[in-house]
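The block underneath contains the structure these notes are about, expressed in structure tokens.
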Amino acid sequence: MSDISLKNIEKVYDNGFHAVHNFNLEIKDKEFIVFVGPSGCGKSTTLRMIAGLEEITRGTLTINGKVVNSLPPKERGIAMVFQSYALYPHLSVYENLAFGLKLAGFDEDEIDERVKETSKIMGLTEYLERKPRNLSGGQRQRVALGRAVIRHADVFLMDEPLSNLDAKMRVSMRAELVKIHRMVGATTIYVTHDQIEAMTMATRIVVMKLGRIQQVGTPADLYFRPANLFVAGFIGDPPMNFLKGKIEKKKFIGQDSLEFSFGTKLKNVMKKAEGKDVVIGFRPESIKLAPLTKEEGEESKKKVGDIAFHGEVEITEMLGDTMNIYVTLGENHLIIRTTPSDDYKIGDPIDFYVDYESLHIFDGESELVITDDEENKE
Ligand code: ATP
């Protein structure tokens with residue numbers, strides 16, 4: 001059992017820099033929590049405060065109901081995995097795994113049993129006699145993780161543990177980590193700046209910016225219901241499209257005489273947004289392309305969505321299973337994610353549509369999403 005509670009946690013470094021502001025989070029036993037955000041947003045600082053490697057300036061950190069603010073790291077029941085593997089090069093995999101237990105005074109039989117159990121979980125059974133230099137990057141990372149697993153710690157803290165691996169290995173280790181988390185069941189807090197790692201591994205994600213939590217939620221919460229402009233732009237690849245403008249008489253008025261009306265749709269949102277500067281967001285895959293009539297060699301005018309746009313193809317990016325079309329809409333640049341096709345050439349006119357329900361409308365000033373309270377009540 002390992003619940004972790006962070007209440008009003010603040011970090012002010014000795015030089016006066018305020019790195020973490022009023023951080024509040026309740027982590028339940030066995031959760032896989034990911035802290036994600038751009039460089040310098042305070043993820044590592046928060047993790048290090050939980051580990052006991054960094055003093056907590058203000059606030060209360062509780063692990064299993066016990067306040068641990070002033071407890072030294074080794075008494076917190078925590079195992080930490082860093083970006084650097086920190087393996088002993090002259091020791092074998094077996095000895096690297098056994099090292100911590102030996103120091104802690106475990107007897108030989110117990111150590112042997114745990115090394116065997118851990119190497120089985122980590123897929124390292126065949127490599128126990130090897131030295132780290134004779135292992136691949138992924139295998140080394142597995143040994144580093146194994147050193148955390150072998151301690152039977154209740155809580156795992158991981159700071160960018162995959163960032164030294166090449167792209168392919170990172171993808172396979174992501175899935176491995178999720179499997180290992182399931183097997184071991186330890187509450188895990190994982191720090192990364194990579195939103196794809198966050199989306200693929202987390203039970204819940206904490207998005208941070210400039211030392212403050214922006215939103216806490218499941219990957220689906222963040223993707224489909226971003227709370228503000230920052231989260232909307234940070235989560236998702238390719239990123240969400242944004243159009244800046246103003247709402248006047250239930251109409252969106254954007255740059256380059258871009259205008260569209262909402263009619264009776266999004267009634268409550270329009271009421272709140274009336275007269276305000278707004279940013280309208282929609283995901284690249286929510287855009288629908290007007291079907292092309294090849295025979296005529298031009299776009300058909302068949303309406304396939306609520307709001308019609310007429311742009312120009314800037315470039316196309318073939319990804320195999322999907323295709324990104326970069327489009328200019330006057331001064332605006334948008335990305336469309338669609339099924340691959342050779343029909344779109346640079347400079348071609350392109351007609352596309354977005355449905356009202358795919359739109360996220362943000363207050364241009366506060367950058368918070370404007371929600372339909374009635375809809376949320378249901
Ligand atoms: P990264 O992904 O680059 O590691 P991060 O989100 O983990 O970023 P932190 O390492 O937590 O960010 O740093 C948060 C802020 O605190 C940064 O602006 C950093 O410069 C500052 N900082 C970190 N350590 C110290 C320190 N010892 N003294 C003063 N400021 C520090």
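Ligands are numbered from 1 in the order shown, chains are lettered A, B, ... in the order of the structure tokens, and residues start at 1 in each chain.
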Considering only C-alpha atoms, return as a PyMOL selection string whatever protein or nucleic-acid residues lie within 12 Å of segment 260-269 of chain A, sequence-local ones (same chain, fewer than 4 positions apart) excluded. chain A and resi 243+245-255+273-276+278+280+306-309+353-363+369-376
Residues near Leu53 of chain A, cut-off 12 Å, only C-alpha atoms, skip fewer than 5 positions along chain, as a ChimeraX atom specification: /A:44-48,69-74,76,78,80,157
Shell of 7 Å around ligand 1 (only C-alpha atoms and all ligand atoms), written as an MDAnalysis selection string: chainID A and resid 13:15 17 19 37:46 192:193 211
Determine which residues of segment 49-274 of chain A DSSP labels as helix (DSSP H, G or I) from the backbone of this structure, then write them out as a ChimeraX atom specification. /A:49-51,73-75,93-103,108-122,125-127,132-134,137-149,167-184,195-201,219-224,229-234,267-273
Between A:Val34, A:Lys272, A:His333, A:Gly16, which is the closest to Val207 of chain A once you count only C-alpha atoms?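 Distance minimum relative to Val207 of chain A lands on A:Val34.
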Within 8 Å of segment 91-97 of chain A using only C-alpha atoms, minus same-chain residues under 3 positions, as an mmCIF file with C-alpha atoms, in the first residue's frame:
```cif
data_model
loop_
_atom_site.group_PDB
_atom_site.id
_atom_site.type_symbol
_atom_site.label_atom_id
_atom_site.label_comp_id
_atom_site.auth_asym_id
_atom_site.auth_seq_id
_atom_site.Cartn_x
_atom_site.Cartn_y
_atom_site.Cartn_z
ATOM 1 C CA LEU A 87 25.681 0.748 -13.030
ATOM 2 C CA TYR A 88 28.996 -0.452 -11.621
ATOM 3 C CA GLY A 100 22.087 -2.738 -2.662
ATOM 4 C CA VAL A 115 18.134 -11.670 -8.045
ATOM 5 C CA TYR A 127 22.719 -11.921 -18.947
ATOM 6 C CA LEU A 128 23.477 -12.324 -15.238
ATOM 7 C CA GLU A 129 27.178 -13.041 -15.763
ATOM 8 C CA ARG A 130 27.748 -10.190 -18.241
ATOM 9 C CA LYS A 131 29.374 -6.866 -17.458
ATOM 10 C CA PRO A 132 27.383 -3.712 -18.334
ATOM 11 C CA VAL A 143 19.432 -3.636 -15.005
ATOM 12 C CA GLY A 146 15.979 -4.122 -11.799
ATOM 13 C CA ARG A 147 17.997 -2.514 -9.034
ATOM 14 C CA ILE A 150 14.809 -5.934 -6.323
#
```
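With distances restricted to only C-alpha atoms, A:Thr187 is the closest residue to Ile4 of chain A from A:Asn164, A:Thr187, A:Gln139, A:Ser172.
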Residues near Leu165 of chain A, cut-off 9 Å, only C-alpha atoms, skip fewer than 6 positions along chain, as a list in words: Gly137, Gly138, Gln141 and Met173 of chain A
The selected residues should be written to file as a compact mmCIF listing (two decimals), in the first residue's frame (atoms: N, CA, C and O atoms).
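Final output, result-v2.txt:
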```
# COMPACT_ATOMS: atom_id res chain seq x y z
N GLY A 137 21.93 -0.75 -24.76
CA GLY A 137 21.38 0.35 -23.94
C GLY A 137 20.11 -0.07 -23.22
O GLY A 137 19.93 0.23 -22.04
N GLY A 138 19.25 -0.78 -23.94
CA GLY A 138 17.98 -1.21 -23.35
C GLY A 138 18.20 -2.20 -22.21
O GLY A 138 17.53 -2.14 -21.18
N GLN A 141 19.44 -0.40 -19.21
CA GLN A 141 18.36 0.30 -18.52
C GLN A 141 17.52 -0.68 -17.71
O GLN A 141 17.04 -0.37 -16.63
N MET A 173 10.80 -0.03 -24.70
CA MET A 173 10.94 0.04 -23.24
C MET A 173 9.70 0.66 -22.57
O MET A 173 9.39 0.35 -21.43
```
All residues 9 Å or closer to Asp348 of chain A, only C-alpha atoms, same chain fewer than 4 positions away omitted, as a list in words: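 Listing them by chain and then by number gives Gly311, Glu312, Val313, Glu314 and Tyr344 of chain A.
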Residue subset to file, keeping N, CA, C and O atoms, as an mmCIF file, in the first residue's frame:
```
data_model
loop_
_atom_site.group_PDB
_atom_site.id
_atom_site.type_symbol
_atom_site.label_atom_id
_atom_site.label_comp_id
_atom_site.auth_asym_id
_atom_site.auth_seq_id
_atom_site.Cartn_x
_atom_site.Cartn_y
_atom_site.Cartn_z
ATOM 1 N N GLY A 311 -8.505 26.687 -48.007
ATOM 2 C CA GLY A 311 -7.087 27.006 -47.815
ATOM 3 C C GLY A 311 -6.264 26.609 -49.010
ATOM 4 O O GLY A 311 -6.787 26.344 -50.100
ATOM 5 N N GLU A 312 -4.945 26.544 -48.755
ATOM 6 C CA GLU A 312 -4.013 26.150 -49.818
ATOM 7 C C GLU A 312 -3.007 25.179 -49.228
ATOM 8 O O GLU A 312 -2.544 25.369 -48.088
ATOM 9 N N VAL A 313 -2.679 24.122 -49.990
ATOM 10 C CA VAL A 313 -1.731 23.113 -49.496
ATOM 11 C C VAL A 313 -0.328 23.722 -49.468
ATOM 12 O O VAL A 313 0.150 24.236 -50.479
ATOM 13 N N GLU A 314 0.315 23.655 -48.311
ATOM 14 C CA GLU A 314 1.662 24.206 -48.166
ATOM 15 C C GLU A 314 2.680 23.082 -48.391
ATOM 16 O O GLU A 314 3.539 23.178 -49.249
ATOM 17 N N TYR A 344 -3.231 15.539 -53.204
ATOM 18 C CA TYR A 344 -2.974 16.912 -52.755
ATOM 19 C C TYR A 344 -1.559 17.338 -53.106
ATOM 20 O O TYR A 344 -0.588 16.727 -52.650
#
```
Excluding Leu6 of chain A and any residue of its chain fewer than 3 positions from it, enumerate the residues within 7 Å of it, using only C-alpha atoms, and give them as JSON, numbers by chain. {"A": [9, 23, 24, 25, 26, 60, 61, 62]}
